[in-house]
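**Student:** protein_21.pdb is reproduced below (PDB, N, CA and C atoms).
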ATOM      1  N   MET L1290      -6.007   6.458  23.284
ATOM      2  CA  MET L1290      -4.630   6.273  22.898
ATOM      3  C   MET L1290      -4.543   6.246  21.367
ATOM      4  N   ARG L1291      -3.569   6.926  20.827
ATOM      5  CA  ARG L1291      -3.339   6.918  19.380
ATOM      6  C   ARG L1291      -2.456   5.738  19.013
ATOM      7  N   GLU L1292      -2.652   5.237  17.812
ATOM      8  CA  GLU L1292      -1.839   4.136  17.310
ATOM      9  C   GLU L1292      -1.215   4.540  15.983
ATOM     10  N   LEU L1293      -0.023   4.078  15.764
ATOM     11  CA  LEU L1293       0.678   4.310  14.509
ATOM     12  C   LEU L1293       0.752   2.990  13.763
ATOM     13  N   ILE L1294       0.259   2.978  12.547
ATOM     14  CA  ILE L1294       0.277   1.776  11.718
ATOM     15  C   ILE L1294       1.233   2.036  10.567
ATOM     16  N   LEU L1295       2.231   1.199  10.434
ATOM     17  CA  LEU L1295       3.187   1.326   9.339
ATOM     18  C   LEU L1295       2.999   0.169   8.373
ATOM     19  N   LEU L1296       2.833   0.493   7.112
ATOM     20  CA  LEU L1296       2.708  -0.523   6.075
ATOM     21  C   LEU L1296       3.674  -0.195   4.954
ATOM     22  N   ARG L1297       4.210  -1.212   4.356
ATOM     23  CA  ARG L1297       5.044  -1.042   3.171
ATOM     24  C   ARG L1297       4.138  -1.281   1.971
ATOM     25  N   HIS L1298       4.504  -0.734   0.828
ATOM     26  CA  HIS L1298       3.701  -0.961  -0.363
ATOM     27  C   HIS L1298       3.654  -2.451  -0.691
ATOM     28  N   ALA L1299       2.629  -2.852  -1.400
ATOM     29  CA  ALA L1299       2.477  -4.244  -1.804
ATOM     30  C   ALA L1299       3.514  -4.590  -2.876
ATOM     31  N   HIS L1300       3.616  -5.866  -3.181
ATOM     32  CA  HIS L1300       4.578  -6.339  -4.183
ATOM     33  C   HIS L1300       4.395  -5.571  -5.484
ATOM     34  N   ALA L1301       5.505  -5.081  -6.020
ATOM     35  CA  ALA L1301       5.459  -4.305  -7.259
ATOM     36  C   ALA L1301       6.104  -5.078  -8.402
ATOM     37  N   ASP L1302       5.658  -4.759  -9.604
ATOM     38  CA  ASP L1302       6.280  -5.333 -10.791
ATOM     39  C   ASP L1302       7.720  -4.858 -10.887
ATOM     40  N   ALA L1303       8.559  -5.661 -11.521
ATOM     41  CA  ALA L1303       9.936  -5.243 -11.783
ATOM     42  C   ALA L1303       9.904  -4.068 -12.756
ATOM     43  N   PRO L1304      10.838  -3.157 -12.622
ATOM     44  CA  PRO L1304      10.826  -2.005 -13.529
ATOM     45  C   PRO L1304      11.194  -2.407 -14.956
ATOM     46  N   ALA L1305      10.545  -1.787 -15.894
ATOM     47  CA  ALA L1305      10.907  -1.977 -17.298
ATOM     48  C   ALA L1305      12.167  -1.164 -17.567
ATOM     49  N   ILE L1306      12.890  -1.528 -18.580
ATOM     50  CA  ILE L1306      14.101  -0.794 -18.923
ATOM     51  C   ILE L1306      13.749   0.670 -19.179
ATOM     52  N   GLY L1307      14.434   1.544 -18.463
ATOM     53  CA  GLY L1307      14.210   2.970 -18.618
ATOM     54  C   GLY L1307      12.994   3.514 -17.884
ATOM     55  N   GLU L1308      12.262   2.662 -17.193
ATOM     56  CA  GLU L1308      11.063   3.112 -16.471
ATOM     57  C   GLU L1308      11.450   3.868 -15.205
ATOM     58  N   ASP L1309      10.786   4.956 -14.963
ATOM     59  CA  ASP L1309      10.978   5.723 -13.736
ATOM     60  C   ASP L1309      10.492   4.875 -12.563
ATOM     61  N   ASP L1310      11.335   4.758 -11.529
ATOM     62  CA  ASP L1310      10.978   3.925 -10.381
ATOM     63  C   ASP L1310       9.665   4.353  -9.743
ATOM     64  N   LEU L1311       9.353   5.640  -9.766
ATOM     65  CA  LEU L1311       8.104   6.113  -9.163
ATOM     66  C   LEU L1311       6.865   5.631  -9.922
ATOM     67  N   GLN L1312       7.039   5.146 -11.133
ATOM     68  CA  GLN L1312       5.907   4.709 -11.955
ATOM     69  C   GLN L1312       5.661   3.198 -11.912
ATOM     70  N   ARG L1313       6.460   2.466 -11.125
ATOM     71  CA  ARG L1313       6.241   1.013 -11.050
ATOM     72  C   ARG L1313       4.897   0.704 -10.399
ATOM     73  N   ALA L1314       4.151  -0.190 -11.015
ATOM     74  CA  ALA L1314       2.820  -0.575 -10.517
ATOM     75  C   ALA L1314       2.922  -1.794  -9.594
ATOM     76  N   ILE L1315       1.890  -2.000  -8.783
ATOM     77  CA  ILE L1315       1.861  -3.242  -8.016
ATOM     78  C   ILE L1315       1.459  -4.374  -8.960
ATOM     79  N   SER L1316       1.883  -5.557  -8.618
ATOM     80  CA  SER L1316       1.592  -6.740  -9.426
ATOM     81  C   SER L1316       0.247  -7.330  -9.015
ATOM     82  N   ALA L1317      -0.157  -8.393  -9.699
ATOM     83  CA  ALA L1317      -1.389  -9.093  -9.304
ATOM     84  C   ALA L1317      -1.239  -9.630  -7.879
ATOM     85  N   THR L1318      -0.051 -10.111  -7.556
ATOM     86  CA  THR L1318       0.221 -10.570  -6.188
ATOM     87  C   THR L1318       0.078  -9.406  -5.212
ATOM     88  N   GLY L1319       0.606  -8.248  -5.601
ATOM     89  CA  GLY L1319       0.517  -7.059  -4.757
ATOM     90  C   GLY L1319      -0.917  -6.627  -4.520
ATOM     91  N   LEU L1320      -1.744  -6.728  -5.541
ATOM     92  CA  LEU L1320      -3.155  -6.371  -5.374
ATOM     93  C   LEU L1320      -3.812  -7.278  -4.332
ATOM     94  N   ALA L1321      -3.531  -8.570  -4.400
ATOM     95  CA  ALA L1321      -4.077  -9.510  -3.412
ATOM     96  C   ALA L1321      -3.535  -9.195  -2.017
ATOM     97  N   GLU L1322      -2.245  -8.835  -1.930
ATOM     98  CA  GLU L1322      -1.659  -8.462  -0.637
ATOM     99  C   GLU L1322      -2.341  -7.225  -0.062
ATOM    100  N   ALA L1323      -2.568  -6.224  -0.896
ATOM    101  CA  ALA L1323      -3.210  -4.990  -0.432
ATOM    102  C   ALA L1323      -4.626  -5.269   0.052
ATOM    103  N   GLN L1324      -5.352  -6.084  -0.677
ATOM    104  CA  GLN L1324      -6.719  -6.419  -0.259
ATOM    105  C   GLN L1324      -6.713  -7.194   1.054
ATOM    106  N   ALA L1325      -5.764  -8.114   1.216
ATOM    107  CA  ALA L1325      -5.668  -8.883   2.464
ATOM    108  C   ALA L1325      -5.308  -7.959   3.632
ATOM    109  N   ALA L1326      -4.411  -7.015   3.405
ATOM    110  CA  ALA L1326      -4.049  -6.069   4.469
ATOM    111  C   ALA L1326      -5.253  -5.216   4.859
ATOM    112  N   GLY L1327      -6.005  -4.767   3.868
ATOM    113  CA  GLY L1327      -7.204  -3.985   4.150
ATOM    114  C   GLY L1327      -8.227  -4.784   4.930
ATOM    115  N   ASP L1328      -8.406  -6.038   4.555
ATOM    116  CA  ASP L1328      -9.337  -6.915   5.285
ATOM    117  C   ASP L1328      -8.905  -7.054   6.743
ATOM    118  N   TRP L1329      -7.599  -7.271   6.947
ATOM    119  CA  TRP L1329      -7.079  -7.443   8.303
ATOM    120  C   TRP L1329      -7.290  -6.179   9.125
ATOM    121  N   LEU L1330      -7.010  -5.027   8.548
ATOM    122  CA  LEU L1330      -7.205  -3.766   9.262
ATOM    123  C   LEU L1330      -8.668  -3.573   9.653
ATOM    124  N   ARG L1331      -9.580  -3.864   8.723
ATOM    125  CA  ARG L1331     -11.019  -3.729   9.030
ATOM    126  C   ARG L1331     -11.453  -4.714  10.110
ATOM    127  N   GLU L1332     -10.972  -5.960  10.037
ATOM    128  CA  GLU L1332     -11.338  -6.976  11.039
ATOM    129  C   GLU L1332     -10.893  -6.567  12.443
ATOM    130  N   HIS L1333      -9.825  -5.794  12.527
ATOM    131  CA  HIS L1333      -9.301  -5.360  13.810
ATOM    132  C   HIS L1333      -9.682  -3.915  14.137
ATOM    133  N   ALA L1334     -10.648  -3.396  13.393
ATOM    134  CA  ALA L1334     -11.161  -2.034  13.604
ATOM    135  C   ALA L1334     -10.037  -0.997  13.632
ATOM    136  N   LEU L1335      -9.073  -1.170  12.742
ATOM    137  CA  LEU L1335      -7.959  -0.233  12.635
ATOM    138  C   LEU L1335      -8.148   0.583  11.360
ATOM    139  N   LEU L1336      -8.951   1.614  11.482
ATOM    140  CA  LEU L1336      -9.237   2.470  10.348
ATOM    141  C   LEU L1336      -8.541   3.812  10.573
ATOM    142  N   PRO L1337      -7.575   4.140   9.729
ATOM    143  CA  PRO L1337      -6.779   5.345   9.965
ATOM    144  C   PRO L1337      -7.565   6.641   9.763
ATOM    145  N   ASP L1338      -7.210   7.628  10.569
ATOM    146  CA  ASP L1338      -7.755   8.972  10.406
ATOM    147  C   ASP L1338      -6.962   9.745   9.364
ATOM    148  N   LEU L1339      -5.703   9.373   9.199
ATOM    149  CA  LEU L1339      -4.796  10.091   8.318
ATOM    150  C   LEU L1339      -3.830   9.095   7.700
ATOM    151  N   VAL L1340      -3.575   9.241   6.413
ATOM    152  CA  VAL L1340      -2.609   8.379   5.720
ATOM    153  C   VAL L1340      -1.565   9.267   5.066
ATOM    154  N   LEU L1341      -0.320   9.008   5.375
ATOM    155  CA  LEU L1341       0.797   9.687   4.735
ATOM    156  C   LEU L1341       1.510   8.657   3.871
ATOM    157  N   HIS L1342       1.756   8.991   2.613
ATOM    158  CA  HIS L1342       2.405   8.031   1.720
ATOM    159  C   HIS L1342       3.242   8.748   0.684
ATOM    160  N   SER L1343       4.116   8.002   0.058
ATOM    161  CA  SER L1343       4.966   8.586  -0.976
ATOM    162  C   SER L1343       4.147   8.794  -2.250
ATOM    163  N   PRO L1344       4.663   9.569  -3.186
ATOM    164  CA  PRO L1344       3.949   9.777  -4.446
ATOM    165  C   PRO L1344       4.111   8.633  -5.442
ATOM    166  N   ALA L1345       4.837   7.583  -5.062
ATOM    167  CA  ALA L1345       5.063   6.469  -5.980
ATOM    168  C   ALA L1345       3.736   5.786  -6.342
ATOM    169  N   ARG L1346       3.622   5.403  -7.596
ATOM    170  CA  ARG L1346       2.406   4.743  -8.086
ATOM    171  C   ARG L1346       2.064   3.511  -7.252
ATOM    172  N   ARG L1347       3.079   2.714  -6.913
ATOM    173  CA  ARG L1347       2.815   1.465  -6.172
ATOM    174  C   ARG L1347       2.238   1.734  -4.786
ATOM    175  N   THR L1348       2.608   2.857  -4.167
ATOM    176  CA  THR L1348       2.029   3.157  -2.856
ATOM    177  C   THR L1348       0.585   3.631  -2.998
ATOM    178  N   ARG L1349       0.313   4.415  -4.019
ATOM    179  CA  ARG L1349      -1.084   4.855  -4.254
ATOM    180  C   ARG L1349      -1.963   3.659  -4.577
ATOM    181  N   GLU L1350      -1.452   2.729  -5.401
ATOM    182  CA  GLU L1350      -2.248   1.551  -5.752
ATOM    183  C   GLU L1350      -2.456   0.639  -4.545
ATOM    184  N   THR L1351      -1.465   0.543  -3.691
ATOM    185  CA  THR L1351      -1.625  -0.250  -2.456
ATOM    186  C   THR L1351      -2.738   0.351  -1.612
ATOM    187  N   LEU L1352      -2.706   1.661  -1.445
ATOM    188  CA  LEU L1352      -3.725   2.343  -0.642
ATOM    189  C   LEU L1352      -5.121   2.124  -1.244
ATOM    190  N   THR L1353      -5.235   2.173  -2.552
ATOM    191  CA  THR L1353      -6.523   1.940  -3.210
ATOM    192  C   THR L1353      -7.009   0.521  -2.949
ATOM    193  N   GLY L1354      -6.077  -0.446  -2.917
ATOM    194  CA  GLY L1354      -6.433  -1.839  -2.676
ATOM    195  C   GLY L1354      -6.865  -2.113  -1.255
ATOM    196  N   LEU L1355      -6.471  -1.237  -0.329
ATOM    197  CA  LEU L1355      -6.848  -1.433   1.068
ATOM    198  C   LEU L1355      -8.337  -1.211   1.223
TER
END
Kindly present the structure from the file in structure tokens form.

**Tutor:**
Amino acid sequence: MRELILLRHAHADAPAIGEDDLQRAISATGLAEAQAAGDWLREHALLPDLVLHSPARRTRETLTGL
């Protein structure tokens, strides 16, 4: 059976004035959230075969933290 896992990006820093929303980074809290999510996925043997994500910096950084 296939499973679909949906995750939202980790907590991101507030945008700086004039900053492109796609360039917002995850915060220190977000990094800890991403690592905790990755730990949980590994503990439950939920390792994805395929990851689809937006091009936003915060989503790429979340994925790296997993």

**Student:** Contacts of region 1352-1355 of chain L at 7 Å or less, counting only C-alpha atoms, minus same-chain residues fewer than 5 places along, as number ranges by chain?

**Tutor:** L: 1320, 1323-1324, 1326-1327

**Student:** Work out where the centre of an axis-aligned box around every listed atom of region 1307-1310 of chain L lies and how long its edges are once 4 Å is added on each side; give both in Å to one decimal as AutoDock Vina command-line options.

**Tutor:**
--center_x 12.0 --center_y 3.6 --center_z -14.2 --size_x 12.8 --size_y 12.2 --size_z 16.9

**Student:** Mind pulling up the distance from CA of Arg1346 (chain L) to CA of Ile1294 (chain L)?

**Tutor:**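 Between these atoms lies a distance of 20.1 Å.
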
**Student:** Within 8 Å of Asp1310 (chain L), counting all atoms listed in the file, which residues show up once you throw out same-chain ones fewer than 5 positions away? Write them as a list in words, please.

**Tutor:**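 The residues satisfying every condition are Pro1304, Ala1305, Ala1345, Arg1346 and Arg1347 of chain L.
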
**Student:** Find the distance between CA of Leu1335 (chain L) and CA of Gly1319 (chain L) and write it in Å to one decimal.

**Tutor:**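 One can read the CA of Leu1335 (chain L) to CA of Gly1319 (chain L) distance as 20.5 Å.
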
**Student:** Rank L:His1298, L:Ala1321, L:Ser1316, L:Glu1308 by their smallest atom-to-atom distance to Ser1343 (chain L), using only C-alpha atoms, and report the top residue only.

**Tutor:**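 Among L:His1298, L:Ala1321, L:Ser1316, L:Glu1308, it is L:His1298 that comes nearest to Ser1343 (chain L).
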
**Student:** Taking only N, CA and C atoms into account, name the residue in L:Leu1293, L:Glu1332, L:Pro1344, L:Pro1337 that is nearest to Gln1312 (chain L).

**Tutor:**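 Looking at the shortest contact to Gln1312 (chain L), the residue is L:Pro1344.
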
**Student:** As a short mmCIF file (atom, residue, chain, number, x, y, z; two decimals), in the coordinates of the input, could you write out region 1316-1327 of chain L once it has been completed with all heavy atoms?

**Tutor:**
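Result went into result.cif, see below:
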data_model
loop_
_atom_site.label_atom_id
_atom_site.label_comp_id
_atom_site.auth_asym_id
_atom_site.auth_seq_id
_atom_site.Cartn_x
_atom_site.Cartn_y
_atom_site.Cartn_z
N SER L 1316 1.88 -5.56 -8.62
CA SER L 1316 1.59 -6.74 -9.43
C SER L 1316 0.25 -7.33 -9.02
O SER L 1316 -0.40 -6.85 -8.07
CB SER L 1316 2.69 -7.78 -9.21
OG SER L 1316 2.70 -8.19 -7.84
N ALA L 1317 -0.16 -8.39 -9.70
CA ALA L 1317 -1.39 -9.09 -9.30
C ALA L 1317 -1.24 -9.63 -7.88
O ALA L 1317 -2.18 -9.58 -7.08
CB ALA L 1317 -1.69 -10.22 -10.28
N THR L 1318 -0.05 -10.11 -7.56
CA THR L 1318 0.22 -10.57 -6.19
C THR L 1318 0.08 -9.41 -5.21
O THR L 1318 -0.50 -9.55 -4.14
CB THR L 1318 1.64 -11.16 -6.09
OG1 THR L 1318 1.72 -12.29 -6.96
CG2 THR L 1318 1.98 -11.58 -4.67
N GLY L 1319 0.61 -8.25 -5.60
CA GLY L 1319 0.52 -7.06 -4.76
C GLY L 1319 -0.92 -6.63 -4.52
O GLY L 1319 -1.28 -6.20 -3.42
N LEU L 1320 -1.74 -6.73 -5.54
CA LEU L 1320 -3.16 -6.37 -5.37
C LEU L 1320 -3.81 -7.28 -4.33
O LEU L 1320 -4.53 -6.80 -3.45
CB LEU L 1320 -3.90 -6.46 -6.70
CG LEU L 1320 -5.38 -6.10 -6.66
CD1 LEU L 1320 -5.60 -4.69 -6.13
CD2 LEU L 1320 -6.01 -6.26 -8.02
N ALA L 1321 -3.53 -8.57 -4.40
CA ALA L 1321 -4.08 -9.51 -3.41
C ALA L 1321 -3.54 -9.20 -2.02
O ALA L 1321 -4.28 -9.26 -1.03
CB ALA L 1321 -3.75 -10.95 -3.80
N GLU L 1322 -2.24 -8.84 -1.93
CA GLU L 1322 -1.66 -8.46 -0.64
C GLU L 1322 -2.34 -7.22 -0.06
O GLU L 1322 -2.65 -7.18 1.14
CB GLU L 1322 -0.17 -8.18 -0.79
CG GLU L 1322 0.68 -9.38 -1.08
CD GLU L 1322 2.13 -9.02 -1.40
OE1 GLU L 1322 2.43 -7.83 -1.64
OE2 GLU L 1322 2.95 -9.95 -1.42
N ALA L 1323 -2.57 -6.22 -0.90
CA ALA L 1323 -3.21 -4.99 -0.43
C ALA L 1323 -4.63 -5.27 0.05
O ALA L 1323 -5.05 -4.75 1.09
CB ALA L 1323 -3.22 -3.95 -1.55
N GLN L 1324 -5.35 -6.08 -0.68
CA GLN L 1324 -6.72 -6.42 -0.26
C GLN L 1324 -6.71 -7.19 1.05
O GLN L 1324 -7.54 -6.93 1.93
CB GLN L 1324 -7.43 -7.20 -1.36
CG GLN L 1324 -7.72 -6.34 -2.57
CD GLN L 1324 -8.24 -7.12 -3.76
OE1 GLN L 1324 -8.06 -8.33 -3.86
NE2 GLN L 1324 -8.86 -6.41 -4.69
N ALA L 1325 -5.76 -8.11 1.22
CA ALA L 1325 -5.67 -8.88 2.46
C ALA L 1325 -5.31 -7.96 3.63
O ALA L 1325 -5.86 -8.11 4.73
CB ALA L 1325 -4.63 -10.00 2.32
N ALA L 1326 -4.41 -7.02 3.40
CA ALA L 1326 -4.05 -6.07 4.47
C ALA L 1326 -5.25 -5.22 4.86
O ALA L 1326 -5.50 -4.99 6.04
CB ALA L 1326 -2.89 -5.19 4.01
N GLY L 1327 -6.00 -4.77 3.87
CA GLY L 1327 -7.20 -3.98 4.15
C GLY L 1327 -8.23 -4.78 4.93
O GLY L 1327 -8.84 -4.27 5.88
#
